[in-house]
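All remarks here apply to the structure that follows.
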Amino acid sequence: MRWAGWGDPAHAVELPDAVTALLEQALGVRRPQRAPARPGDIELPPPALSPRILDALTAAVGADHVHTDRDARLRHTRGRSTPDLLKLRAGDATDAPDAVVLPGGHEEVLAVLRACTEHRVAVVPFGGGTSVVGGLAPRSTGFAGVVALDLRRLDRLVAVDPESRTATLEPGLRAPRAEELLGAHGLTLGHYPQSYEYASIGGFAATRSSGQASAGYGRFDSLVVGLRVATPRGTLDLGRAPASAAGPDLRQLFLGSEGALGVITAVTVRVRPAPTRREYEGWRFASFAEGLAALRRLAQDGPLPTVLRLSDEAETAVGLARPTELGELGQADGCLMITGYEGPVTARRAEAAVVLRDLGGEPLGTEPGEDWARGRFHAPYLRDALLDAGALVETLETATYWSALPKLYEAVRGTLTRTLTEQGTPPLVLCHVSHVYPAGASLYFTVVAAQAADPVEQWWRAKAAASDAIVAAGGTITHHHAVGTDHRAWLAAEIGDLGVEVLRGVKASLDPAGVLNPGVLIP
């Protein structure tokens, strides 16, 4: 990971002059007067951990796996949201952990948690570092320090059960490596979120991740059949059978718990035979409403593609359906739908084509689909290039039932437009449906505007207003990005005060000292 950006520096992109000129003309974007800070320019607060605490951590994992050096601390500061990067680019690393600790197994994780509980040190479980909702920026007040618990050494494929088609993976496995190891057995997990190249298995579980092929494979939480969790009180092994009536499903407590209730040290998931064919294609619909009707028809009555997504008119016109490109507004009309098929594809693709044609879809062939597939992990690189040019660019997502989707779409889109315009930076607001279900779908918004004098505050005001609009329209505050600190203030509006009280009670039982990711998830 780039220290203040996304991914491999070799894959960074530069905006063409024509796009830079378009941003200036259409949105008033100006290149920042001040260059981004360099790593050597940033002053980190001195590590707060006492020698006694460092000795306890060393006893837990060994001296080679406790790091307090500048580079390790800087690279574990926050996640990869636009505000996270803007703060780093401005030289602000005040949230840097005091140490980075790398356990080598479940027992070492337990030992670290015992030491941190004894000395009241906050613990932030760290996987791929790809959080975009403040999930890696805990509250540090009242603690003797903050430790980033980097799980990269827990990176094994522990077991494969080909008869049951399950596999047990450790949480530090990055998604591409997990697919490689499963591929050696002829299997796949099929989970491909936009963060795929850097995110970890543990992170997928802890945030209820949803991949781009979720229409075919399901959300990550639907794939999980077993968990092993380390807590300050001890170990939980959950998932004796694929389904059970033995009380509430405790696995669901930890799926989406964001490290606030325990540290996931093993995940058992359903896997499938790796597909031999993948095909993607594009369809055009005259309007977003017509495209939504087609999505709903496929989601409810089939046949369901493996990948199914729909860009609104603005996103289609600007070219963000192809994540490596930006085009001029107005170069395309209507809405672009991407469909993808894996495995035996011919019959299902032909059946879906009949449905889509009957509902007004115009086939565009395989080129738009293949373009999307080639660039589907590259949008964060484009985000970095836009930040370099002086644009504010960020995303947010939500979901609701089909009957409420048009109202939610208009409410969020209108609120973002109004709030940013009132700040003097009229935005371009783009949207696509990223995931579908029989009962509803998600909406994924991308916002581009000129950066104000304080772009972090600029975005926060817009995001807060949009979050209020989501709640008022009956949507969920997050579909797959998780709660973190960014959405925490709205959690009670979604689950109720009693629901928050239940979470607090669970945390008090599992983590009496409150050291696990404090201030994240639970209000």
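The chains in the structure tokens are called A, B, ... from first to last as shown; in each chain the residues are counted from 1, and the ligands are counted from 1 in the order shown.
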I want to know what sits within 10 Å of Tyr196 of chain A, based on only C-alpha atoms, with residues of the same chain fewer than 4 positions away left out; could you give that as a list in words?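 Counting only the stated atoms, we get Gly128, Thr130, Arg174, Ala175, Pro176, His191, Tyr192, Ser200, Ile201, Phe204, Gly211, Gln212, Arg376 and Phe377 of chain A.
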Those residues you just picked out, can you put them in a file as an mmCIF file, in the first residue's frame with N, CA, C and O atoms?
```
data_model
loop_
_atom_site.group_PDB
_atom_site.id
_atom_site.type_symbol
_atom_site.label_atom_id
_atom_site.label_comp_id
_atom_site.auth_asym_id
_atom_site.auth_seq_id
_atom_site.Cartn_x
_atom_site.Cartn_y
_atom_site.Cartn_z
ATOM 1 N N GLY A 128 -6.099 -5.787 6.180
ATOM 2 C CA GLY A 128 -5.510 -5.164 4.999
ATOM 3 C C GLY A 128 -5.405 -3.659 5.095
ATOM 4 O O GLY A 128 -4.827 -3.021 4.215
ATOM 5 N N THR A 130 -7.881 -1.507 4.801
ATOM 6 C CA THR A 130 -8.685 -0.907 3.739
ATOM 7 C C THR A 130 -9.979 -0.266 4.236
ATOM 8 O O THR A 130 -10.833 0.105 3.425
ATOM 9 N N ARG A 174 -4.585 -12.434 2.597
ATOM 10 C CA ARG A 174 -5.137 -11.487 1.636
ATOM 11 C C ARG A 174 -5.988 -12.261 0.623
ATOM 12 O O ARG A 174 -5.724 -13.427 0.318
ATOM 13 N N ALA A 175 -6.998 -11.597 0.101
ATOM 14 C CA ALA A 175 -7.951 -12.274 -0.767
ATOM 15 C C ALA A 175 -7.302 -12.952 -1.979
ATOM 16 O O ALA A 175 -7.646 -14.105 -2.295
ATOM 17 N N PRO A 176 -6.372 -12.296 -2.702
ATOM 18 C CA PRO A 176 -5.772 -12.985 -3.852
ATOM 19 C C PRO A 176 -5.024 -14.263 -3.462
ATOM 20 O O PRO A 176 -5.088 -15.269 -4.181
ATOM 21 N N HIS A 191 -15.313 -14.212 -3.780
ATOM 22 C CA HIS A 191 -15.610 -12.940 -3.111
ATOM 23 C C HIS A 191 -14.650 -11.875 -3.642
ATOM 24 O O HIS A 191 -13.457 -11.912 -3.364
ATOM 25 N N TYR A 192 -15.199 -10.906 -4.393
ATOM 26 C CA TYR A 192 -14.366 -9.912 -5.076
ATOM 27 C C TYR A 192 -14.877 -8.494 -4.833
ATOM 28 O O TYR A 192 -15.427 -7.861 -5.730
ATOM 29 N N SER A 200 -8.350 -8.488 3.636
ATOM 30 C CA SER A 200 -8.050 -9.781 4.239
ATOM 31 C C SER A 200 -9.322 -10.560 4.551
ATOM 32 O O SER A 200 -10.412 -10.003 4.662
ATOM 33 N N ILE A 201 -9.165 -11.856 4.754
ATOM 34 C CA ILE A 201 -10.288 -12.723 5.089
ATOM 35 C C ILE A 201 -10.935 -12.280 6.403
ATOM 36 O O ILE A 201 -12.165 -12.207 6.526
ATOM 37 N N PHE A 204 -13.022 -9.215 5.837
ATOM 38 C CA PHE A 204 -14.300 -9.523 5.185
ATOM 39 C C PHE A 204 -15.343 -9.937 6.225
ATOM 40 O O PHE A 204 -16.500 -9.505 6.180
ATOM 41 N N GLY A 211 -19.146 -8.727 -2.084
ATOM 42 C CA GLY A 211 -18.322 -8.664 -3.280
ATOM 43 C C GLY A 211 -19.114 -8.343 -4.531
ATOM 44 O O GLY A 211 -20.347 -8.369 -4.553
ATOM 45 N N GLN A 212 -18.399 -8.047 -5.601
ATOM 46 C CA GLN A 212 -19.039 -7.654 -6.853
ATOM 47 C C GLN A 212 -19.792 -8.797 -7.510
ATOM 48 O O GLN A 212 -20.659 -8.569 -8.354
ATOM 49 N N ARG A 376 -12.111 -3.310 -12.663
ATOM 50 C CA ARG A 376 -13.016 -3.223 -11.517
ATOM 51 C C ARG A 376 -12.330 -2.986 -10.182
ATOM 52 O O ARG A 376 -13.000 -2.608 -9.219
ATOM 53 N N PHE A 377 -11.025 -3.186 -10.093
ATOM 54 C CA PHE A 377 -10.324 -2.909 -8.848
ATOM 55 C C PHE A 377 -9.521 -1.609 -8.910
ATOM 56 O O PHE A 377 -8.745 -1.310 -7.998
#
```
Legend entry - Exercise: Pro303 of chain A partners within 10 Å, only C-alpha atoms, chain neighbours under 4 positions left out, as JSON, numbers by chain: {"A": [297, 298, 299, 347, 348, 349, 350, 351, 352, 353, 355]}
Quiz item: Could you name the residues that touch segment 148-155 of chain A at 7 Å or less, counting only C-alpha atoms, but leaving out those on the same chain fewer than 5 positions away, as an NGL selection string?
Solution: :A and (76 or 97 or 99-105 or 123-127 or 170-173)
Would you pick out the contacts of Ala473 of chain A at 8 Å or less, using only C-alpha atoms, so that residues sharing its chain but fewer than 5 positions from it are not included, and give the list as a compact mmCIF listing (two decimals) with all heavy atoms, in the first residue's frame?
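The resulting file, result07.txt, is reproduced below:
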```
# COMPACT_ATOMS: atom_id res chain seq x y z
N ALA A 404 -38.97 1.14 -1.77
CA ALA A 404 -38.47 2.39 -1.22
C ALA A 404 -37.22 2.90 -1.94
O ALA A 404 -36.73 3.99 -1.62
CB ALA A 404 -38.16 2.21 0.27
N LYS A 407 -37.23 6.52 -3.73
CA LYS A 407 -37.26 7.60 -2.74
C LYS A 407 -35.89 7.77 -2.08
O LYS A 407 -35.40 8.90 -1.88
CB LYS A 407 -38.32 7.29 -1.68
CG LYS A 407 -38.37 8.30 -0.54
CD LYS A 407 -39.37 7.87 0.52
CE LYS A 407 -39.33 8.81 1.73
NZ LYS A 407 -40.27 8.34 2.79
N LEU A 408 -35.25 6.67 -1.73
CA LEU A 408 -33.92 6.73 -1.10
C LEU A 408 -32.90 7.33 -2.06
O LEU A 408 -32.08 8.17 -1.66
CB LEU A 408 -33.49 5.33 -0.66
CG LEU A 408 -32.14 5.20 0.03
CD1 LEU A 408 -32.11 5.98 1.34
CD2 LEU A 408 -31.79 3.73 0.26
N ALA A 411 -33.47 11.07 -2.30
CA ALA A 411 -33.17 11.75 -1.04
C ALA A 411 -31.67 11.93 -0.85
O ALA A 411 -31.19 13.02 -0.50
CB ALA A 411 -33.76 10.97 0.13
```
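Omitting Arg52 of chain A and its sequence neighbours fewer than 5 positions away, and counting only C-alpha atoms, the residues within 10 Å are Leu57, Thr58 and His119 of chain A.
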File dump, residues just selected, all heavy atoms, as a PDB file, in the first residue's frame:
```
ATOM      1  N   LEU A  57       4.218  -7.202  25.871  1.00  0.00           N
ATOM      2  CA  LEU A  57       3.907  -7.515  24.482  1.00  0.00           C
ATOM      3  C   LEU A  57       4.984  -8.398  23.860  1.00  0.00           C
ATOM      4  O   LEU A  57       4.690  -9.324  23.096  1.00  0.00           O
ATOM      5  CB  LEU A  57       3.738  -6.227  23.676  1.00  0.00           C
ATOM      6  CG  LEU A  57       2.555  -5.345  24.079  1.00  0.00           C
ATOM      7  CD1 LEU A  57       2.619  -4.004  23.337  1.00  0.00           C
ATOM      8  CD2 LEU A  57       1.236  -6.050  23.788  1.00  0.00           C
ATOM      9  N   THR A  58       6.238  -8.112  24.200  1.00  0.00           N
ATOM     10  CA  THR A  58       7.348  -8.932  23.703  1.00  0.00           C
ATOM     11  C   THR A  58       7.238 -10.359  24.215  1.00  0.00           C
ATOM     12  O   THR A  58       7.485 -11.324  23.475  1.00  0.00           O
ATOM     13  CB  THR A  58       8.686  -8.304  24.110  1.00  0.00           C
ATOM     14  OG1 THR A  58       8.811  -7.016  23.509  1.00  0.00           O
ATOM     15  CG2 THR A  58       9.853  -9.176  23.677  1.00  0.00           C
ATOM     16  N   HIS A 119      -2.868  -3.958  31.260  1.00  0.00           N
ATOM     17  CA  HIS A 119      -2.216  -2.639  31.269  1.00  0.00           C
ATOM     18  C   HIS A 119      -3.091  -1.546  30.665  1.00  0.00           C
ATOM     19  O   HIS A 119      -2.652  -0.415  30.509  1.00  0.00           O
ATOM     20  CB  HIS A 119      -0.890  -2.721  30.517  1.00  0.00           C
ATOM     21  CG  HIS A 119       0.106  -3.638  31.156  1.00  0.00           C
ATOM     22  ND1 HIS A 119       0.807  -3.291  32.290  1.00  0.00           N
ATOM     23  CD2 HIS A 119       0.494  -4.908  30.830  1.00  0.00           C
ATOM     24  CE1 HIS A 119       1.612  -4.296  32.641  1.00  0.00           C
ATOM     25  NE2 HIS A 119       1.442  -5.287  31.761  1.00  0.00           N
TER      26      HIS A 119
END
```
List the spatial neighbours of Thr94 of chain A as number ranges by chain - criterion: any atom at most 12 Å away, only C-alpha atoms, same-chain residues fewer than 3 positions off excluded. A: 42-47, 73-74, 76-78, 84, 87-88, 90-91, 97-98, 137-140, 146
Export of prior selection with N, CA, C and O atoms as a PDB file, in the first residue's frame:
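As a result, part04.pdb now contains:
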```
ATOM      1  N   ILE A  42       6.260  14.259   8.316  1.00  0.00           N
ATOM      2  CA  ILE A  42       5.208  14.084   9.310  1.00  0.00           C
ATOM      3  C   ILE A  42       5.810  13.810  10.679  1.00  0.00           C
ATOM      4  O   ILE A  42       6.678  12.936  10.838  1.00  0.00           O
ATOM      5  N   GLU A  43       5.342  14.562  11.658  1.00  0.00           N
ATOM      6  CA  GLU A  43       5.775  14.365  13.034  1.00  0.00           C
ATOM      7  C   GLU A  43       4.804  13.431  13.734  1.00  0.00           C
ATOM      8  O   GLU A  43       3.625  13.727  13.851  1.00  0.00           O
ATOM      9  N   LEU A  44       5.329  12.304  14.179  1.00  0.00           N
ATOM     10  CA  LEU A  44       4.505  11.365  14.930  1.00  0.00           C
ATOM     11  C   LEU A  44       4.635  11.662  16.422  1.00  0.00           C
ATOM     12  O   LEU A  44       5.718  12.008  16.901  1.00  0.00           O
ATOM     13  N   PRO A  45       3.557  11.525  17.169  1.00  0.00           N
ATOM     14  CA  PRO A  45       3.687  11.650  18.619  1.00  0.00           C
ATOM     15  C   PRO A  45       4.588  10.538  19.140  1.00  0.00           C
ATOM     16  O   PRO A  45       4.585   9.421  18.602  1.00  0.00           O
ATOM     17  N   PRO A  46       5.377  10.791  20.160  1.00  0.00           N
ATOM     18  CA  PRO A  46       6.252   9.730  20.683  1.00  0.00           C
ATOM     19  C   PRO A  46       5.430   8.560  21.196  1.00  0.00           C
ATOM     20  O   PRO A  46       4.310   8.750  21.689  1.00  0.00           O
ATOM     21  N   PRO A  47       5.928   7.321  21.076  1.00  0.00           N
ATOM     22  CA  PRO A  47       5.173   6.159  21.583  1.00  0.00           C
ATOM     23  C   PRO A  47       4.854   6.320  23.060  1.00  0.00           C
ATOM     24  O   PRO A  47       5.714   6.713  23.852  1.00  0.00           O
ATOM     25  N   ARG A  73       4.474   2.439  12.347  1.00  0.00           N
ATOM     26  CA  ARG A  73       3.372   3.187  12.961  1.00  0.00           C
ATOM     27  C   ARG A  73       2.630   4.015  11.913  1.00  0.00           C
ATOM     28  O   ARG A  73       1.393   4.056  11.912  1.00  0.00           O
ATOM     29  N   LEU A  74       3.358   4.647  11.015  1.00  0.00           N
ATOM     30  CA  LEU A  74       2.724   5.482   9.999  1.00  0.00           C
ATOM     31  C   LEU A  74       1.850   4.653   9.070  1.00  0.00           C
ATOM     32  O   LEU A  74       0.737   5.051   8.702  1.00  0.00           O
ATOM     33  N   HIS A  76       0.260   2.056   9.695  1.00  0.00           N
ATOM     34  CA  HIS A  76      -0.907   1.518  10.391  1.00  0.00           C
ATOM     35  C   HIS A  76      -1.781   2.636  10.947  1.00  0.00           C
ATOM     36  O   HIS A  76      -2.585   2.411  11.860  1.00  0.00           O
ATOM     37  N   THR A  77      -1.632   3.836  10.388  1.00  0.00           N
ATOM     38  CA  THR A  77      -2.428   4.975  10.823  1.00  0.00           C
ATOM     39  C   THR A  77      -3.679   5.080   9.975  1.00  0.00           C
ATOM     40  O   THR A  77      -3.612   5.309   8.770  1.00  0.00           O
ATOM     41  N   ARG A  78      -4.819   4.869  10.596  1.00  0.00           N
ATOM     42  CA  ARG A  78      -6.126   4.993   9.947  1.00  0.00           C
ATOM     43  C   ARG A  78      -6.284   3.985   8.796  1.00  0.00           C
ATOM     44  O   ARG A  78      -5.498   3.060   8.645  1.00  0.00           O
ATOM     45  N   ASP A  84      -9.267  10.005   5.631  1.00  0.00           N
ATOM     46  CA  ASP A  84      -8.031   9.418   6.138  1.00  0.00           C
ATOM     47  C   ASP A  84      -6.826   9.910   5.328  1.00  0.00           C
ATOM     48  O   ASP A  84      -5.793  10.304   5.875  1.00  0.00           O
ATOM     49  N   LYS A  87      -6.051  13.758   5.657  1.00  0.00           N
ATOM     50  CA  LYS A  87      -5.335  14.078   6.895  1.00  0.00           C
ATOM     51  C   LYS A  87      -3.855  13.735   6.772  1.00  0.00           C
ATOM     52  O   LYS A  87      -2.997  14.527   7.172  1.00  0.00           O
ATOM     53  N   LEU A  88      -3.555  12.571   6.221  1.00  0.00           N
ATOM     54  CA  LEU A  88      -2.146  12.201   6.041  1.00  0.00           C
ATOM     55  C   LEU A  88      -1.448  13.155   5.080  1.00  0.00           C
ATOM     56  O   LEU A  88      -0.307  13.579   5.320  1.00  0.00           O
ATOM     57  N   ALA A  90      -2.077  16.161   4.671  1.00  0.00           N
ATOM     58  CA  ALA A  90      -1.880  17.438   5.365  1.00  0.00           C
ATOM     59  C   ALA A  90      -0.861  17.325   6.494  1.00  0.00           C
ATOM     60  O   ALA A  90      -0.611  18.316   7.201  1.00  0.00           O
ATOM     61  N   GLY A  91      -0.291  16.137   6.678  1.00  0.00           N
ATOM     62  CA  GLY A  91       0.729  15.964   7.698  1.00  0.00           C
ATOM     63  C   GLY A  91       0.205  15.554   9.052  1.00  0.00           C
ATOM     64  O   GLY A  91       0.948  15.573  10.042  1.00  0.00           O
ATOM     65  N   PRO A  97      -0.768   4.466  15.867  1.00  0.00           N
ATOM     66  CA  PRO A  97      -0.655   3.581  17.033  1.00  0.00           C
ATOM     67  C   PRO A  97       0.716   3.727  17.674  1.00  0.00           C
ATOM     68  O   PRO A  97       1.680   4.175  17.036  1.00  0.00           O
ATOM     69  N   ASP A  98       0.809   3.336  18.929  1.00  0.00           N
ATOM     70  CA  ASP A  98       2.086   3.431  19.643  1.00  0.00           C
ATOM     71  C   ASP A  98       2.989   2.249  19.343  1.00  0.00           C
ATOM     72  O   ASP A  98       4.210   2.354  19.503  1.00  0.00           O
ATOM     73  N   ALA A 137      -9.450   3.893  13.583  1.00  0.00           N
ATOM     74  CA  ALA A 137      -9.130   5.117  14.337  1.00  0.00           C
ATOM     75  C   ALA A 137      -9.898   5.109  15.652  1.00  0.00           C
ATOM     76  O   ALA A 137     -10.887   5.815  15.818  1.00  0.00           O
ATOM     77  N   PRO A 138      -9.476   4.294  16.628  1.00  0.00           N
ATOM     78  CA  PRO A 138     -10.242   4.144  17.866  1.00  0.00           C
ATOM     79  C   PRO A 138     -10.073   5.345  18.793  1.00  0.00           C
ATOM     80  O   PRO A 138      -9.225   6.205  18.581  1.00  0.00           O
ATOM     81  N   ARG A 139     -10.895   5.357  19.816  1.00  0.00           N
ATOM     82  CA  ARG A 139     -10.742   6.361  20.871  1.00  0.00           C
ATOM     83  C   ARG A 139      -9.550   5.970  21.732  1.00  0.00           C
ATOM     84  O   ARG A 139      -9.440   4.837  22.190  1.00  0.00           O
ATOM     85  N   SER A 140      -8.628   6.882  21.956  1.00  0.00           N
ATOM     86  CA  SER A 140      -7.429   6.581  22.743  1.00  0.00           C
ATOM     87  C   SER A 140      -7.456   7.194  24.138  1.00  0.00           C
ATOM     88  O   SER A 140      -6.653   6.808  25.003  1.00  0.00           O
ATOM     89  N   VAL A 146      -2.090   2.729  22.356  1.00  0.00           N
ATOM     90  CA  VAL A 146      -2.850   2.016  21.328  1.00  0.00           C
ATOM     91  C   VAL A 146      -1.917   1.077  20.578  1.00  0.00           C
ATOM     92  O   VAL A 146      -0.828   1.488  20.150  1.00  0.00           O
TER      93      VAL A 146
END
```
field: Residues flagged strand (DSSP E or B) by DSSP in segment 114-359 of chain A, as an NGL selection string
entry: :A and (122-126 or 146-150 or 157-161 or 166-169 or 174 or 187-188 or 200 or 224-231 or 234-238 or 263-270 or 272-273 or 278-285 or 307-311 or 335-342)
Near-Gly390 of chain A list (9 Å; only C-alpha atoms; drop same-chain fewer than 2 positions) as a PyMOL selection string
chain A and resi 29-33+385-388+392+449-451
Could those residues be written to a file, using C-alpha atoms, as a PDB file, in the first residue's frame?
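Saved result, again.pdb, follows:
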```pdb
ATOM      1  CA  VAL A  29     -11.538  22.231  -9.379  1.00  0.00           C
ATOM      2  CA  ARG A  30      -8.104  23.809  -8.867  1.00  0.00           C
ATOM      3  CA  ARG A  31      -4.871  22.004  -8.149  1.00  0.00           C
ATOM      4  CA  PRO A  32      -3.954  22.392  -4.446  1.00  0.00           C
ATOM      5  CA  GLN A  33      -1.483  25.189  -3.738  1.00  0.00           C
ATOM      6  CA  ALA A 385      -5.444  11.083  -9.043  1.00  0.00           C
ATOM      7  CA  LEU A 386      -8.538  13.235  -8.512  1.00  0.00           C
ATOM      8  CA  LEU A 387      -7.308  14.194  -5.038  1.00  0.00           C
ATOM      9  CA  ASP A 388      -3.978  15.187  -6.582  1.00  0.00           C
ATOM     10  CA  LEU A 392     -12.894  16.047  -3.358  1.00  0.00           C
ATOM     11  CA  ALA A 449     -16.540  18.371  -6.140  1.00  0.00           C
ATOM     12  CA  ALA A 450     -13.877  21.032  -5.832  1.00  0.00           C
ATOM     13  CA  GLN A 451     -12.030  20.843  -2.522  1.00  0.00           C
TER      14      GLN A 451
END
```
Could you state the separation of atom CA of Ala439 of chain A and atom CA of Gly190 of chain A in Å, given to one decimal place?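 These two atoms are separated by 22.5 Å.
Rounded to one decimal, atom CA of Ser195 of chain A and atom CA of Pro83 of chain A lie 17.2 Å from each other.
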Can you work out which one of A:Ala373, A:Leu182, A:Leu516, A:Val354 has the shortest atom-to-atom distance to Pro162 of chain A, counting only C-alpha atoms?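 Smallest separation from Pro162 of chain A among the options: A:Leu182.
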One residue among A:Leu113, A:Tyr437, A:Trp372, A:Leu85 is nearest to Thr400 of chain A when using only C-alpha atoms, and that residue is A:Tyr437
Can you build me a table of segment 203-284 of chain A residues sitting at most 10 Å from segment 501-506 of chain A, with the closest atom pair per residue and its distance in Å to one decimal, using only C-alpha atoms, sorted by chain and residue number, as a tab-separated table?
```
residue	atom	partner	partner_atom	distance
A:Leu253	CA	A:Val506	CA	8.8
A:Ser257	CA	A:Leu503	CA	9.6
A:Ala260	CA	A:Leu503	CA	9.9
A:Leu261	CA	A:Val506	CA	7.6
```
Q. Nearest to Val133 of chain A among A:Gly247, A:Ser209, A:Val500, A:Arg80, with distances taken over only C-alpha atoms: which residue is it?
A.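 Closest to Val133 of chain A, using only C-alpha atoms: A:Arg80.
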| query | What are the DSSP helix (DSSP H, G or I) residues of segment 41-108 of chain A, as a VMD selection string? | reply | chain A and resid 41 51 to 61 63 to 65 70 to 75 82 to 89 106 to 108
Selection export as a CSV table (one decimal), in the first residue's frame, atoms kept: N, CA and C atoms:
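Okay, this is what ended up in again-v4.csv:
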```
chain,number,residue,atom,x,y,z
A,41,ASP,N,8.2,14.3,6.4
A,41,ASP,CA,7.7,15.6,6.9
A,41,ASP,C,6.8,15.4,8.1
A,51,PRO,N,8.0,0.9,29.2
A,51,PRO,CA,8.9,-0.3,29.0
A,51,PRO,C,8.2,-1.5,29.6
A,52,ARG,N,7.5,-1.4,30.7
A,52,ARG,CA,6.8,-2.6,31.2
A,52,ARG,C,5.8,-3.1,30.3
A,53,ILE,N,5.0,-2.3,29.6
A,53,ILE,CA,4.0,-2.7,28.6
A,53,ILE,C,4.7,-3.4,27.4
A,54,LEU,N,5.8,-2.8,26.9
A,54,LEU,CA,6.5,-3.3,25.8
A,54,LEU,C,7.1,-4.7,26.1
A,55,ASP,N,7.5,-4.8,27.4
A,55,ASP,CA,8.0,-6.2,27.8
A,55,ASP,C,6.9,-7.2,27.8
A,56,ALA,N,5.7,-6.8,28.2
A,56,ALA,CA,4.6,-7.7,28.2
A,56,ALA,C,4.2,-8.1,26.8
A,57,LEU,N,4.2,-7.2,25.9
A,57,LEU,CA,3.9,-7.5,24.5
A,57,LEU,C,5.0,-8.4,23.9
A,58,THR,N,6.2,-8.1,24.2
A,58,THR,CA,7.3,-8.9,23.7
A,58,THR,C,7.2,-10.4,24.2
A,59,ALA,N,6.8,-10.5,25.5
A,59,ALA,CA,6.7,-11.8,26.0
A,59,ALA,C,5.6,-12.6,25.3
A,60,ALA,N,4.6,-11.9,24.8
A,60,ALA,CA,3.4,-12.5,24.1
A,60,ALA,C,3.8,-13.0,22.7
A,61,VAL,N,4.6,-12.2,21.9
A,61,VAL,CA,4.8,-12.6,20.5
A,61,VAL,C,6.3,-12.6,20.1
A,63,ALA,N,10.3,-10.6,20.5
A,63,ALA,CA,10.8,-9.2,20.2
A,63,ALA,C,10.8,-8.8,18.7
A,64,ASP,N,10.9,-9.8,17.8
A,64,ASP,CA,10.9,-9.5,16.4
A,64,ASP,C,9.6,-9.1,15.9
A,65,HIS,N,8.5,-9.2,16.7
A,65,HIS,CA,7.2,-9.0,16.2
A,65,HIS,C,6.5,-7.8,17.0
A,70,ARG,N,9.0,4.3,13.2
A,70,ARG,CA,8.2,5.3,12.5
A,70,ARG,C,7.4,4.8,11.3
A,71,ASP,N,8.1,4.0,10.5
A,71,ASP,CA,7.4,3.5,9.3
A,71,ASP,C,6.3,2.6,9.6
A,72,ALA,N,6.5,1.7,10.6
A,72,ALA,CA,5.4,0.7,10.9
A,72,ALA,C,4.2,1.5,11.5
A,73,ARG,N,4.5,2.4,12.3
A,73,ARG,CA,3.4,3.2,13.0
A,73,ARG,C,2.6,4.0,11.9
A,74,LEU,N,3.4,4.6,11.0
A,74,LEU,CA,2.7,5.5,10.0
A,74,LEU,C,1.8,4.7,9.1
A,75,ARG,N,2.3,3.5,8.7
A,75,ARG,CA,1.6,2.6,7.8
A,75,ARG,C,0.4,1.9,8.4
A,82,THR,N,-11.3,8.8,2.0
A,82,THR,CA,-10.8,10.1,1.6
A,82,THR,C,-10.4,11.0,2.7
A,83,PRO,N,-11.2,11.1,3.8
A,83,PRO,CA,-10.7,11.9,5.0
A,83,PRO,C,-9.4,11.3,5.6
A,84,ASP,N,-9.3,10.0,5.6
A,84,ASP,CA,-8.0,9.4,6.1
A,84,ASP,C,-6.8,9.9,5.3
A,85,LEU,N,-7.0,9.9,4.0
A,85,LEU,CA,-5.9,10.3,3.1
A,85,LEU,C,-5.6,11.8,3.2
A,86,LEU,N,-6.7,12.5,3.2
A,86,LEU,CA,-6.5,14.0,3.3
A,86,LEU,C,-5.8,14.4,4.5
A,87,LYS,N,-6.1,13.8,5.7
A,87,LYS,CA,-5.3,14.1,6.9
A,87,LYS,C,-3.9,13.7,6.8
A,88,LEU,N,-3.6,12.6,6.2
A,88,LEU,CA,-2.1,12.2,6.0
A,88,LEU,C,-1.4,13.2,5.1
A,89,ARG,N,-2.1,13.5,4.0
A,89,ARG,CA,-1.5,14.4,3.0
A,89,ARG,C,-1.3,15.8,3.6
A,106,HIS,N,-3.4,-18.2,17.2
A,106,HIS,CA,-4.5,-17.9,18.1
A,106,HIS,C,-4.0,-17.7,19.6
A,107,GLU,N,-3.1,-18.5,20.1
A,107,GLU,CA,-2.7,-18.4,21.5
A,107,GLU,C,-1.9,-17.1,21.7
A,108,GLU,N,-1.2,-16.7,20.7
A,108,GLU,CA,-0.5,-15.4,20.8
A,108,GLU,C,-1.4,-14.2,20.8
```
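Residue nearest Thr168 of chain A, chosen from A:Thr268, A:Thr421, A:Thr476, A:Ser210 and counting only C-alpha atoms: A:Thr268.
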